[in-house]
$ cat my_file.cif   # mmCIF, C-alpha atoms
data_entry
#
loop_
_atom_site.label_atom_id
_atom_site.label_comp_id
_atom_site.auth_asym_id
_atom_site.auth_seq_id
_atom_site.Cartn_x
_atom_site.Cartn_y
_atom_site.Cartn_z
CA MET A 1 15.35 -29.30 -8.85
CA ASN A 2 19.13 -29.18 -8.80
CA ARG A 3 21.45 -28.81 -5.84
CA PHE A 4 21.43 -25.00 -6.11
CA HIS A 5 17.68 -24.83 -5.62
CA ILE A 6 18.00 -27.12 -2.60
CA MET A 7 20.67 -24.76 -1.27
CA SER A 8 18.29 -21.87 -1.90
CA VAL A 9 15.53 -23.62 0.06
CA VAL A 10 17.94 -24.19 2.95
CA LEU A 11 18.96 -20.51 2.79
CA HIS A 12 15.33 -19.41 2.95
CA VAL A 13 14.61 -21.70 5.88
CA LEU A 14 17.62 -20.25 7.71
CA ILE A 15 16.45 -16.68 7.02
CA PHE A 16 12.94 -17.50 8.26
CA VAL A 17 14.28 -19.13 11.41
CA ALA A 18 16.54 -16.11 12.06
CA VAL A 19 13.66 -13.67 11.59
CA PHE A 20 11.38 -15.81 13.74
CA ILE A 21 13.90 -16.02 16.58
CA SER A 22 14.69 -12.30 16.43
CA SER A 23 10.98 -11.39 16.44
CA ARG A 24 10.45 -13.63 19.49
CA ALA A 25 13.43 -12.08 21.24
CA HIS A 26 11.99 -8.59 20.76
CA PHE A 27 8.50 -9.64 21.78
CA LYS A 28 7.47 -8.32 25.18
CA PRO A 29 4.26 -9.67 26.65
CA ILE A 30 1.65 -7.06 27.46
CA PRO A 31 1.49 -6.70 31.27
CA GLN A 32 -1.69 -7.82 32.91
CA LEU A 33 -3.53 -4.68 33.98
CA GLU A 34 -6.50 -4.35 36.22
CA VAL A 35 -9.65 -3.66 34.30
CA TYR A 36 -12.16 -1.21 35.67
CA LYS A 37 -15.59 -1.44 34.26
CA VAL A 38 -17.22 1.91 33.78
CA SER A 39 -20.63 2.87 32.57
CA ILE A 40 -20.91 6.18 30.81
CA ALA A 41 -23.67 8.38 32.15
CA PRO A 42 -26.30 9.17 29.55
CA LEU A 43 -26.49 12.63 28.12
CA PRO A 44 -29.30 14.84 29.43
CA GLN A 45 -32.69 13.94 28.05
CA PRO A 46 -35.21 16.60 27.02
CA ARG A 47 -37.31 17.36 30.02
CA VAL A 48 -40.86 16.13 29.91
CA ILE A 49 -43.33 18.04 32.05
CA ALA A 50 -45.98 15.89 33.66
CA PRO A 51 -49.53 17.14 33.05
CA GLU A 52 -50.37 17.06 36.80
CA GLU A 53 -47.42 19.28 37.57
CA ILE A 54 -48.37 22.29 35.48
CA PRO A 55 -51.54 21.66 33.57
CA GLU A 56 -52.00 25.29 32.56
CA GLN A 57 -48.54 25.63 31.01
CA LYS A 58 -48.89 22.53 28.86
CA GLU A 59 -51.98 23.92 27.28
CA GLU A 60 -50.02 27.05 26.59
CA VAL A 61 -47.30 25.11 24.81
CA ILE A 62 -49.83 23.39 22.61
CA GLN A 63 -51.39 26.73 21.79
CA GLU A 64 -47.98 28.10 21.04
CA GLU A 65 -47.38 25.25 18.62
CA ILE A 66 -50.59 25.87 16.76
CA GLN A 67 -49.97 29.58 16.65
CA GLU A 68 -46.52 29.13 15.27
CA GLU A 69 -47.90 27.30 12.28
CA LYS A 70 -50.40 30.07 11.55
CA ALA A 71 -49.76 33.35 13.31
CA PRO A 72 -46.69 35.65 12.87
CA PRO A 73 -43.92 35.39 15.55
CA LYS A 74 -44.64 38.85 17.10
CA LYS A 75 -47.92 37.68 18.56
CA GLU A 76 -46.23 34.65 20.10
CA GLU A 77 -43.89 36.85 22.10
CA LYS A 78 -46.79 38.76 23.55
CA LYS A 79 -48.50 35.57 24.63
CA LEU A 80 -45.39 34.16 26.24
CA GLU A 81 -44.78 37.16 28.50
CA PRO A 82 -47.26 36.31 31.29
CA ALA A 83 -45.76 32.82 31.65
CA LYS A 84 -42.27 34.23 32.19
CA LYS A 85 -42.22 34.37 35.99
CA PRO A 86 -43.37 30.84 36.78
CA VAL A 87 -40.88 29.50 34.22
CA GLU A 88 -38.03 31.35 35.89
CA GLU A 89 -38.98 29.90 39.25
CA LYS A 90 -39.11 26.50 37.66
CA ALA A 91 -35.72 27.03 36.09
CA LYS A 92 -34.32 27.73 39.53
CA GLU A 93 -35.71 24.46 40.80
CA VAL A 94 -34.35 22.64 37.78
CA VAL A 95 -30.84 23.89 38.30
CA LYS A 96 -31.01 23.06 41.98
CA ARG A 97 -31.88 19.50 41.05
CA GLY A 98 -28.74 19.44 38.89
CA LEU A 99 -30.43 19.14 35.53
CA PRO A 100 -28.87 20.74 32.46
CA ASP A 101 -29.33 24.37 31.68
CA ILE A 102 -30.16 23.86 28.01
CA LYS A 103 -33.37 22.13 27.12
CA PRO A 104 -35.12 21.84 23.82
CA LYS A 105 -38.71 21.88 22.83
CA ILE A 106 -38.87 20.03 19.60
CA TYR A 107 -41.57 20.34 17.04
CA THR A 108 -41.64 18.64 13.69
CA GLY A 109 -42.70 20.33 10.50
CA SER A 110 -45.99 18.48 10.42
CA GLY A 111 -46.62 18.87 14.14
CA ARG A 112 -45.99 15.19 14.89
CA GLY A 113 -43.73 14.11 17.75
CA PHE A 114 -39.99 13.74 17.46
CA THR A 115 -39.09 10.53 19.28
CA TYR A 116 -35.41 10.16 18.50
CA SER A 117 -33.81 10.86 21.85
CA TYR A 118 -30.32 9.93 20.65
CA TYR A 119 -30.54 12.74 18.10
CA LEU A 120 -31.60 15.19 20.78
CA ASN A 121 -28.64 14.08 22.89
CA ILE A 122 -26.27 14.86 20.03
CA LEU A 123 -27.99 18.19 19.43
CA LEU A 124 -27.75 19.22 23.08
CA ASN A 125 -24.20 17.98 23.39
CA LYS A 126 -22.96 19.88 20.35
CA ILE A 127 -24.69 23.12 21.23
CA SER A 128 -23.76 23.04 24.92
CA LYS A 129 -20.10 22.60 23.92
CA ASN A 130 -20.32 25.80 21.91
CA TRP A 131 -22.19 27.79 24.57
CA HIS A 132 -20.07 29.88 26.88
CA ASN A 133 -22.46 31.13 29.51
CA PRO A 134 -21.13 34.48 30.82
CA PHE A 135 -23.31 34.31 33.97
CA ARG A 136 -22.59 30.74 34.94
CA ASP A 137 -21.18 31.48 38.40
CA GLN A 138 -23.30 34.50 39.17
CA ASN A 139 -26.50 34.77 41.13
CA ILE A 140 -28.65 35.78 38.18
CA ILE A 141 -31.69 34.07 36.76
CA LEU A 142 -31.94 34.35 33.00
CA LYS A 143 -33.84 32.51 30.34
CA ALA A 144 -33.69 32.88 26.57
CA ILE A 145 -35.39 30.83 23.90
CA VAL A 146 -33.69 30.51 20.55
CA TYR A 147 -35.62 29.18 17.60
CA PHE A 148 -34.00 27.39 14.68
CA GLU A 149 -34.77 24.79 12.06
CA VAL A 150 -32.80 21.71 11.06
CA ASP A 151 -33.16 20.32 7.56
CA LYS A 152 -32.78 16.70 6.45
CA ASN A 153 -29.03 17.06 6.01
CA GLY A 154 -28.59 18.51 9.48
CA ASN A 155 -27.97 22.08 8.34
CA ILE A 156 -29.17 24.73 10.78
CA TYR A 157 -30.98 27.77 9.47
CA SER A 158 -33.66 30.37 10.40
CA ILE A 159 -31.93 31.11 13.70
CA ARG A 160 -33.61 33.81 15.76
CA ILE A 161 -34.22 34.82 19.35
CA GLU A 162 -37.73 33.75 20.14
CA GLU A 163 -37.81 34.98 23.68
CA ASP A 164 -35.13 37.31 24.97
CA SER A 165 -33.76 37.18 28.49
CA GLY A 166 -33.57 40.93 28.88
CA ASN A 167 -29.78 40.76 28.78
CA ASN A 168 -28.30 41.36 25.34
CA ILE A 169 -25.00 39.66 26.12
CA TYR A 170 -26.76 36.53 27.32
CA ASP A 171 -29.00 36.45 24.23
CA GLU A 172 -25.97 36.92 22.00
CA THR A 173 -24.10 34.00 23.57
CA ALA A 174 -27.15 31.75 23.22
CA MET A 175 -27.58 32.74 19.58
CA ARG A 176 -23.86 32.38 18.97
CA ALA A 177 -23.88 28.82 20.34
CA ILE A 178 -26.30 27.83 17.58
CA VAL A 179 -24.54 29.82 14.85
CA VAL A 180 -21.14 28.30 15.69
CA THR A 181 -22.61 24.79 15.69
CA LYS A 182 -23.53 25.39 12.01
CA SER A 183 -24.64 21.83 11.32
CA LEU A 184 -25.81 18.70 13.06
CA PRO A 185 -25.84 15.07 11.92
CA PRO A 186 -28.49 14.35 9.25
CA LEU A 187 -31.96 13.77 10.63
CA PRO A 188 -32.90 10.10 11.15
CA ASP A 189 -33.92 8.37 7.92
CA GLU A 190 -37.17 7.23 9.56
CA PHE A 191 -38.12 10.83 10.29
CA ALA A 192 -40.65 11.63 7.61
CA ASP A 193 -40.70 15.44 7.68
CA ASP A 194 -38.41 17.73 5.72
CA TYR A 195 -37.27 19.82 8.67
CA LEU A 196 -37.33 19.99 12.42
CA LYS A 197 -38.30 23.05 14.42
CA VAL A 198 -36.38 23.52 17.63
CA HIS A 199 -37.14 25.97 20.43
CA LEU A 200 -34.13 25.81 22.67
CA GLU A 201 -34.26 27.26 26.19
CA PHE A 202 -31.05 28.62 27.68
CA LEU A 203 -31.44 28.86 31.45
CA THR A 204 -29.06 30.27 34.04
CA ALA A 205 -29.69 30.14 37.77
CA GLN A 206 -27.69 29.71 40.96
CA MET B 207 3.27 -10.74 15.93
CA ASN B 208 5.84 -12.53 13.76
CA ILE B 209 6.07 -13.33 10.04
CA PHE B 210 4.26 -16.67 10.42
CA MET B 211 1.39 -15.10 12.29
CA ILE B 212 1.10 -12.43 9.61
CA PHE B 213 0.96 -15.17 6.98
CA LEU B 214 -1.59 -17.27 8.86
CA GLU B 215 -3.86 -14.32 9.61
CA SER B 216 -3.90 -13.09 6.02
CA SER B 217 -6.70 -13.76 3.57
CA ILE B 218 -6.56 -16.71 1.14
CA ALA B 219 -5.71 -14.43 -1.79
CA ALA B 220 -2.81 -12.87 0.10
CA GLN B 221 -1.58 -16.31 1.21
CA ILE B 222 -1.60 -17.60 -2.40
CA ILE B 223 0.32 -14.52 -3.57
CA MET B 224 2.83 -14.90 -0.75
CA ILE B 225 3.38 -18.60 -1.59
CA ILE B 226 3.96 -17.73 -5.26
CA LEU B 227 6.39 -15.01 -4.22
CA LEU B 228 8.18 -17.48 -1.94
CA ILE B 229 8.57 -19.91 -4.85
CA PHE B 230 9.92 -17.05 -6.99
CA SER B 231 12.33 -16.14 -4.25
CA VAL B 232 13.62 -19.72 -3.84
CA TRP B 233 13.92 -20.06 -7.60
CA SER B 234 15.72 -16.75 -8.12
CA TRP B 235 18.19 -17.47 -5.31
CA GLY B 236 18.72 -20.93 -6.81
CA ILE B 237 19.54 -19.31 -10.16
CA PHE B 238 21.82 -16.86 -8.37
CA LEU B 239 23.79 -19.64 -6.65
CA LYS B 240 23.95 -21.69 -9.86
CA LYS B 241 25.17 -18.77 -11.97
CA MET B 242 27.67 -17.71 -9.34
CA PHE B 243 29.09 -21.22 -9.37
CA GLU B 244 29.07 -21.44 -13.19
CA LEU B 245 30.52 -18.00 -13.87
CA GLY B 246 33.05 -18.40 -11.05
CA GLY B 247 34.26 -21.65 -12.68
CA VAL B 248 34.34 -20.03 -16.12
CA LYS B 249 36.37 -17.13 -14.76
CA ARG B 250 38.86 -19.41 -13.03
CA ARG B 251 39.35 -21.70 -16.04
CA THR B 252 39.52 -18.77 -18.46
CA LYS B 253 42.20 -17.12 -16.37
CA ARG B 254 44.26 -20.32 -16.45
CA PHE B 255 43.75 -20.70 -20.21
CA MET B 256 44.64 -17.08 -20.97
CA SER B 257 47.86 -17.24 -18.97
CA ASN B 258 48.81 -20.34 -20.97
CA TYR B 259 47.77 -18.72 -24.25
CA ASN B 260 49.78 -15.56 -23.58
CA PHE B 261 52.93 -17.65 -23.22
CA HIS B 262 52.25 -19.64 -26.41
CA LYS B 263 51.39 -17.23 -29.19
CA ASP B 264 52.67 -19.57 -31.92
CA THR B 265 49.76 -21.16 -33.83
CA LYS B 266 51.53 -24.50 -33.98
CA GLU B 267 51.51 -24.79 -30.21
CA TRP B 268 47.80 -24.11 -29.85
CA GLY B 269 46.83 -27.66 -30.64
CA ASN B 270 48.79 -28.83 -27.61
CA PHE B 271 46.67 -27.09 -24.99
CA GLY B 272 44.92 -30.38 -24.29
CA PHE B 273 41.94 -30.25 -21.88
CA GLN B 274 42.22 -26.47 -21.73
CA LEU B 275 40.73 -26.42 -25.22
CA THR B 276 37.47 -27.88 -23.92
CA ASP B 277 36.92 -26.66 -20.33
CA ASN B 278 36.34 -22.93 -20.98
CA PRO B 279 34.64 -20.74 -23.63
CA TYR B 280 37.92 -19.30 -24.98
CA GLY B 281 39.41 -22.77 -25.37
CA ARG B 282 36.31 -24.08 -27.15
CA VAL B 283 36.30 -21.08 -29.50
CA LEU B 284 39.96 -21.65 -30.26
CA ALA B 285 39.38 -25.39 -30.74
CA SER B 286 36.58 -24.76 -33.26
CA GLY B 287 38.82 -22.28 -35.12
CA LEU B 288 41.67 -24.74 -35.17
CA ASP B 289 39.42 -27.58 -36.44
CA GLU B 290 38.22 -25.40 -39.29
CA TYR B 291 41.79 -24.28 -40.00
CA LYS B 292 42.99 -27.89 -40.25
CA LYS B 293 40.22 -28.74 -42.72
CA LEU B 294 41.03 -25.68 -44.83
CA LYS B 295 44.73 -26.40 -44.69
CA VAL B 296 44.16 -29.84 -46.25
CA LYS B 297 41.88 -28.31 -48.92
CA VAL B 298 44.28 -25.45 -49.73
CA SER B 299 47.32 -27.76 -49.84
CA ALA B 300 45.54 -30.07 -52.29
CA ARG B 301 44.60 -27.13 -54.51
CA LEU B 302 48.11 -25.65 -54.41
CA MET B 303 49.57 -29.00 -55.44
CA ASN B 304 47.75 -28.67 -58.78
CA GLN B 305 48.56 -25.00 -59.32
CA GLN B 306 51.88 -23.63 -60.56
CA ASP B 307 51.26 -19.99 -59.64
CA HIS B 308 50.41 -20.03 -55.95
CA LYS B 309 49.95 -16.26 -55.74
CA LYS B 310 46.78 -16.50 -57.85
CA GLU B 311 45.22 -18.60 -55.09
CA ARG B 312 45.47 -15.86 -52.45
CA GLY B 313 41.91 -14.63 -53.16
CA PHE B 314 40.60 -18.18 -52.77
CA ILE B 315 42.50 -18.61 -49.49
CA ASN B 316 41.13 -15.30 -48.13
CA GLU B 317 37.59 -16.43 -48.89
CA LEU B 318 38.12 -19.76 -47.20
CA ALA B 319 39.72 -18.11 -44.16
CA ASP B 320 36.37 -16.50 -43.39
CA ASN B 321 35.14 -20.00 -42.61
CA VAL B 322 37.50 -20.04 -39.63
CA ARG B 323 35.96 -16.82 -38.31
CA MET B 324 32.44 -18.10 -38.88
CA ALA B 325 33.19 -21.35 -37.05
CA MET B 326 34.51 -19.39 -34.07
CA GLU B 327 31.53 -16.98 -34.16
CA ARG B 328 29.18 -19.97 -34.08
CA THR B 329 30.93 -21.39 -31.06
CA LYS B 330 30.90 -17.97 -29.40
CA ILE B 331 27.12 -17.68 -29.83
CA GLU B 332 26.67 -21.15 -28.32
CA GLU B 333 28.91 -20.22 -25.40
CA ILE B 334 27.13 -16.93 -24.73
CA SER B 335 23.70 -18.54 -24.88
CA GLN B 336 24.99 -21.14 -22.41
CA LEU B 337 26.17 -18.37 -20.09
CA GLU B 338 22.88 -16.49 -20.53
CA LYS B 339 20.82 -19.53 -19.59
CA SER B 340 18.29 -18.81 -16.77
CA LEU B 341 18.76 -15.05 -17.08
CA PRO B 342 15.37 -14.62 -18.86
CA THR B 343 13.73 -16.44 -15.90
CA LEU B 344 15.44 -14.06 -13.50
CA SER B 345 14.26 -11.13 -15.61
CA THR B 346 10.70 -12.47 -15.45
CA PHE B 347 10.85 -12.62 -11.65
CA VAL B 348 12.15 -9.07 -11.55
CA SER B 349 9.20 -7.74 -13.52
CA VAL B 350 6.43 -10.02 -12.19
CA SER B 351 7.15 -9.94 -8.43
CA PRO B 352 6.29 -6.25 -7.82
CA PHE B 353 3.13 -6.68 -9.85
CA LEU B 354 2.12 -9.70 -7.79
CA GLY B 355 2.77 -7.66 -4.65
CA LEU B 356 0.68 -4.87 -6.10
CA LEU B 357 -2.10 -7.33 -6.85
CA GLY B 358 -2.07 -8.37 -3.20
CA THR B 359 -2.21 -4.71 -2.20
CA VAL B 360 -5.16 -3.94 -4.41
CA TRP B 361 -6.90 -7.13 -3.29
CA GLY B 362 -6.38 -6.29 0.38
CA ILE B 363 -7.70 -2.76 -0.02
CA MET B 364 -10.67 -4.08 -1.98
CA GLU B 365 -11.44 -6.55 0.83
CA ALA B 366 -11.17 -3.79 3.41
CA PHE B 367 -13.70 -1.68 1.53
CA LEU B 368 -16.01 -4.65 1.02
CA GLU B 369 -15.91 -5.27 4.77
CA ILE B 370 -16.77 -1.64 5.41
CA ARG B 371 -19.70 -1.94 3.05
CA ALA B 372 -20.90 -5.23 4.54
CA ARG B 373 -20.70 -4.10 8.16
CA GLY B 374 -21.54 -0.47 7.62
CA SER B 375 -18.64 0.64 9.78
CA ALA B 376 -15.12 1.88 9.13
CA HIS B 377 -13.77 0.78 12.50
CA ILE B 378 -10.03 0.00 12.62
CA THR B 379 -10.67 -3.69 13.47
CA ILE B 380 -12.56 -4.06 10.19
CA VAL B 381 -10.14 -2.12 8.00
CA ALA B 382 -6.82 -3.22 9.54
CA PRO B 383 -6.67 -6.89 8.30
CA GLY B 384 -7.21 -5.90 4.67
CA ILE B 385 -4.69 -3.08 4.85
CA SER B 386 -2.06 -5.26 6.56
CA ASP B 387 -2.50 -7.91 3.81
CA ALA B 388 -2.14 -5.18 1.29
CA LEU B 389 1.11 -3.92 2.76
CA ILE B 390 2.71 -7.29 3.49
CA THR B 391 2.31 -8.59 -0.08
CA THR B 392 3.95 -5.44 -1.45
CA VAL B 393 6.84 -5.91 0.96
CA TYR B 394 7.26 -9.55 -0.11
CA GLY B 395 7.05 -8.61 -3.78
CA LEU B 396 9.83 -6.07 -3.37
CA LEU B 397 11.91 -8.46 -1.26
CA VAL B 398 11.84 -10.90 -4.18
CA ALA B 399 12.28 -8.36 -6.96
CA ILE B 400 15.15 -6.29 -5.55
CA PRO B 401 17.71 -9.13 -5.08
CA ALA B 402 16.59 -10.69 -8.39
CA LEU B 403 17.21 -7.37 -10.16
CA ILE B 404 20.66 -7.07 -8.60
CA PHE B 405 21.54 -10.65 -9.65
CA TYR B 406 20.21 -10.09 -13.15
CA ASN B 407 22.22 -6.92 -13.72
CA MET B 408 25.34 -8.49 -12.24
CA PHE B 409 25.17 -11.59 -14.48
CA ARG B 410 24.10 -9.61 -17.54
CA SER B 411 27.12 -7.31 -17.28
CA ARG B 412 29.44 -10.30 -16.80
CA VAL B 413 28.01 -12.10 -19.85
CA ASN B 414 28.27 -8.92 -21.92
CA GLY B 415 31.88 -8.62 -20.79
CA TYR B 416 32.59 -12.20 -21.91
CA ALA B 417 30.89 -11.51 -25.28
CA SER B 418 33.09 -8.51 -26.05
CA GLU B 419 36.23 -10.28 -24.80
CA LEU B 420 35.44 -13.27 -27.01
CA ASP B 421 35.00 -10.97 -30.03
CA LYS B 422 38.44 -9.55 -29.40
CA PHE B 423 39.88 -13.05 -28.96
CA ILE B 424 38.22 -14.29 -32.20
CA ASN B 425 39.71 -11.39 -34.16
CA GLU B 426 43.15 -12.18 -32.83
CA ILE B 427 42.90 -15.91 -33.60
CA TYR B 428 41.43 -15.25 -37.04
CA ALA B 429 44.24 -12.85 -37.95
CA ASN B 430 46.90 -15.40 -36.95
CA LEU B 431 45.27 -18.39 -38.69
CA ARG B 432 44.64 -16.38 -41.87
CA LYS B 433 48.30 -15.38 -41.92
CA GLU B 434 49.23 -19.07 -41.56
CA LEU B 435 46.99 -20.06 -44.47
CA LEU B 436 48.41 -17.32 -46.66
CA THR B 437 51.97 -18.46 -45.95
CA LEU B 438 51.04 -21.73 -47.64
CA SER B 439 50.64 -19.87 -50.94
CA GLN B 440 54.17 -18.39 -50.86
#
$ encode --input "my_file.cif" --output "C-alpha cells"
Amino acid sequence: MNRFHIMSVVLHVLIFVAVFISSRAHFKPIPQLEVYKVSIAPLPQPRVIAPEEIPEQKEEVIQEEIQEEKAPPKKEEKKLEPAKKPVEEKAKEVVKRGLPDIKPKIYTGSGRGFTYSYYLNILLNKISKNWHNPFRDQNIILKAIVYFEVDKNGNIYSIRIEEDSGNNIYDETAMRAIVVTKSLPPLPDEFADDYLKVHLEFLTAQ
Amino acid sequence: MNIFMIFLESSIAAQIIMIILLIFSVWSWGIFLKKMFELGGVKRRTKRFMSNYNFHKDTKEWGNFGFQLTDNPYGRVLASGLDEYKKLKVKVSARLMNQQDHKKERGFINELADNVRMAMERTKIEEISQLEKSLPTLSTFVSVSPFLGLLGTVWGIMEAFLEIRARGSAHITIVAPGISDALITTVYGLLVAIPALIFYNMFRSRVNGYASELDKFINEIYANLRKELLTLSQ
C-alpha cells in the first residue's frame, strides 16, 4: 500500500464522516404520540336460531334442504309461502335489535355443515358492500332470498331469486349485489365439497 | 437511518459485497491520486524539456541537456536515440576511413539510421507502458463494480422472495429488508464504477495523447540524426 492508497483511505473516511454528520443533522426524531388501543368489532355472524325459539320453522328448513337436493325449485317456493308472515315479523324484531339485514343460510354440496365463520364474514362483507338497498330509510318490510353457488375457486354462479319480496326493484338490487360481487376468496382448503350452496336473505324493516 | 445503519442491518451477502466495493473504491481512488501525481509531474517536466528543446534545435547541443534527458519521457526517448546515434557514428566513421568513395556508403548509412528510430521506438513503448500502469486495474473496477452491485440486487430480491415463501406472507416488513439490500448494493456499485470510469477515460486519453506526441517527436529526431549521419559520407 503506497501513500496514495493511504490518502484514498483518508478521503473515504472523510466522505463517510461528512455523510454521517449530514444524515444526523437531517434526522428528526419521531414525536411521541399517544397510543389509543382499539378493538375492531367483529363482522356480523350468521344468525343461529335456537330450537326452543321456533321449533316448527327449523323443521321446515331441514325439509327445504332435503327438497332442494331432490325436488325442482318451483315446489320449494310453494312450500315457503305459508312461512312468509312469521319470518317478516321476525325480521322486524331482528332489525330492531340492530342485527344486520343480510343473513345467509349456508348449505354444502353434500349437506354437511359449513363451519368456517371467517369465510361467511368475508362473504357477507363483500356482498353488503355491493348492495344498495333502495328502501333502507322507508317504513317497508321486505324480504328476498337469493340463491347462488360458490365453487372451490370462489367463483359465484347459478344466481337466482329463490323467494321474491313482491317488489321487483328490491329483488333486482338483491340479485345485483351478488352479480356485482362476481367472485369470493377460494373456499377453505379443509372444506371437502366441490361447491357451497348459499341462500341469502335480504331483509328490510324500520 | 444513516449509511452505517443500512450497512449493519443488511444481510451477510450484501455486507460482503459492500466491503468488496469499498475496497474497490479505495483502490480506484488510490490509483486516481497516483496517476494524477505521476501524469502531472510528467506534464510539468515535459513542458520544461520541450521549451529547452525548442531553443536548441542543433543536434550537437542535445547531449548537453543533462538531467532533462532522464526525468521525462521525451528526454529519455531523445537520450536513447542519441546513444544509438553515437554508436553508429563510430561504426560509420570507421567504415568510411577504409572507403575511398563515400557516396557508395549512403545506402549502408540509411540502413543503420533505422537503428536510431528503433531504439527510440523501444524507449517509447517502455514509457507508454509505464504511463499505462494501473489502468487495466481501473478498467477492471469499472466493469466489475456494477456487476457486483447487480449481484447484491439479485441476492436481496431472492432473499425477499424466500422470506415470503417461508412465512407465507408478503407483508412489507418481510419484503422491505431484502429490497433495501438489493437497492443499496446497486447504488454502491455505481458509486464505485462511475468515478472509476471517468478516471480511466481521462488517463487513457492523456496516455494516447502522449503516444501520438512521442511518435511525432521520434520522427523529428530521427530525421535530424539521419541527416547528421549522411553528412559524414560527404
$ resolve_selection --input "my_file.cif" --expression "the PyMOL selection byres ((chain A) within 8 of (chain B))" --output "list in words"
Phe4, His5, Ile6, Met7, Ser8, Val9, His12, Val19, Phe20, Ser23, Arg24 and Phe27 of chain A
$ resolve_selection --input "my_file.cif" --expression "the PyMOL selection byres ((chain B and resi 252) around 9)" --output "list in words"
Gly247, Val248, Lys249, Arg250, Arg251, Lys253, Arg254, Phe255, Met256, Ser257, Gln274, Asp277, Asn278, Pro279, Tyr280 and Gly281 of chain B
$ resolve_selection --input "my_file.cif" --expression "the PyMOL selection byres ((chain B and resi 395) around 8)" --output "list in words"
Leu227, Ser351, Pro352, Phe353, Leu354, Gly355, Leu356, Thr391, Thr392, Val393, Tyr394, Leu396, Leu397, Val398 and Ala399 of chain B
$ residues_around --input "my_file.cif" --residues "B:Ile424" --least-positions-apart "6" --cutoff "8 Å" --atoms "all atoms listed in the file" --output "list in words"
Val283, Leu284, Arg323, Met326 and Glu327 of chain B
$ residues_around --input "my_file.cif" --residues "B:Arg301" --least-positions-apart "5" --cutoff "10 Å" --atoms "all atoms listed in the file" --output "list in words"
Lys295, Val296, His308, Glu311 and Phe314 of chain B
$ atom_distance --input "my_file.cif" --atom1 "atom CA of A:Asp137" --atom2 "atom CA of A:Tyr170"
13.4 Å
$ atom_distance --input "my_file.cif" --atom1 "atom CA of B:Ile334" --atom2 "atom CA of B:Phe230"
24.7 Å
$ atom_distance --input "my_file.cif" --atom1 "atom CA of A:Arg176" --atom2 "atom CA of A:Asp193"
26.4 Å
$ closest_residue --input "my_file.cif" --among "A:Lys129, A:Arg136, A:Lys152, A:Lys143" --to "A:Glu201" --atoms "all atoms listed in the file"
A:Lys143
$ residues_around --input "my_file.cif" --residues "B:Leu341" --least-positions-apart "3" --cutoff "10 Å" --atoms "all atoms listed in the file" --output "list in words"
Ser234, Ile237, Phe238, Lys241, Ser335, Leu337, Glu338, Leu344, Ser345, Thr346, Phe347, Ala402, Phe405, Tyr406, Asn407, Phe409 and Arg410 of chain B
$ closest_residue --input "my_file.cif" --among "B:Leu275, B:Leu288, B:Ala388, B:Ile222" --to "B:Ile427" --atoms "only C-alpha atoms"
B:Leu288
$ residues_near_point --input "my_file.cif" --point "(-21.5, 15.0, 10.2)" --cutoff "9 Å" --atoms "all atoms listed in the file" --output "list in words"
Asn153, Gly154, Ser183, Leu184, Pro185 and Pro186 of chain A
$ closest_residue --input "my_file.cif" --among "B:Ser386, B:Asn258, B:Asn425, B:Thr437" --to "B:Phe213" --atoms "only C-alpha atoms"
B:Ser386
$ axis_aligned_box --input "my_file.cif" --around "stretch 177-181 of chain A" --padding-each-side "6 Å" --output "lines of an AutoDock Vina configuration file"
center_x = -23.7
center_y = 27.3
center_z = 17.6
size_x = 17.2
size_y = 17.0
size_z = 17.5
$ residues_around --input "my_file.cif" --residues "A:Pro188" --least-positions-apart "5" --cutoff "12 Å" --atoms "only C-alpha atoms" --output "list in words"
Phe114, Thr115, Tyr116, Ser117, Tyr118, Tyr119, Leu120, Val150, Asp151, Lys152, Asn153, Gly154, Asp193, Asp194, Tyr195 and Leu196 of chain A
$ decode --input "my_file.cif" --residues "stretch 310-320 of chain B" --atoms "N, CA and C atoms" --output "PDB file, in the first residue's frame"
ATOM      1  N   LYS B 310      29.127   5.784 -51.989  1.00  0.00           N
ATOM      2  CA  LYS B 310      28.624   4.406 -52.100  1.00  0.00           C
ATOM      3  C   LYS B 310      28.101   3.892 -50.757  1.00  0.00           C
ATOM      4  N   GLU B 311      28.512   4.544 -49.693  1.00  0.00           N
ATOM      5  CA  GLU B 311      28.133   4.081 -48.347  1.00  0.00           C
ATOM      6  C   GLU B 311      26.797   4.662 -47.860  1.00  0.00           C
ATOM      7  N   ARG B 312      26.165   5.468 -48.698  1.00  0.00           N
ATOM      8  CA  ARG B 312      24.927   6.136 -48.273  1.00  0.00           C
ATOM      9  C   ARG B 312      23.803   5.128 -47.955  1.00  0.00           C
ATOM     10  N   GLY B 313      23.738   4.057 -48.807  1.00  0.00           N
ATOM     11  CA  GLY B 313      22.725   3.014 -48.566  1.00  0.00           C
ATOM     12  C   GLY B 313      22.948   2.342 -47.220  1.00  0.00           C
ATOM     13  N   PHE B 314      24.223   2.057 -46.932  1.00  0.00           N
ATOM     14  CA  PHE B 314      24.577   1.422 -45.653  1.00  0.00           C
ATOM     15  C   PHE B 314      24.206   2.334 -44.479  1.00  0.00           C
ATOM     16  N   ILE B 315      24.468   3.612 -44.635  1.00  0.00           N
ATOM     17  CA  ILE B 315      24.173   4.586 -43.563  1.00  0.00           C
ATOM     18  C   ILE B 315      22.650   4.677 -43.339  1.00  0.00           C
ATOM     19  N   ASN B 316      21.898   4.689 -44.438  1.00  0.00           N
ATOM     20  CA  ASN B 316      20.428   4.747 -44.322  1.00  0.00           C
ATOM     21  C   ASN B 316      19.875   3.556 -43.546  1.00  0.00           C
ATOM     22  N   GLU B 317      20.477   2.373 -43.865  1.00  0.00           N
ATOM     23  CA  GLU B 317      20.017   1.159 -43.153  1.00  0.00           C
ATOM     24  C   GLU B 317      20.330   1.253 -41.670  1.00  0.00           C
ATOM     25  N   LEU B 318      21.531   1.735 -41.377  1.00  0.00           N
ATOM     26  CA  LEU B 318      21.923   1.821 -39.965  1.00  0.00           C
ATOM     27  C   LEU B 318      21.106   2.882 -39.212  1.00  0.00           C
ATOM     28  N   ALA B 319      20.714   3.927 -39.927  1.00  0.00           N
ATOM     29  CA  ALA B 319      19.947   5.011 -39.289  1.00  0.00           C
ATOM     30  C   ALA B 319      18.616   4.516 -38.732  1.00  0.00           C
ATOM     31  N   ASP B 320      18.102   3.456 -39.336  1.00  0.00           N
ATOM     32  CA  ASP B 320      16.844   2.873 -38.824  1.00  0.00           C
ATOM     33  C   ASP B 320      16.989   2.371 -37.388  1.00  0.00           C
TER      34      ASP B 320
END
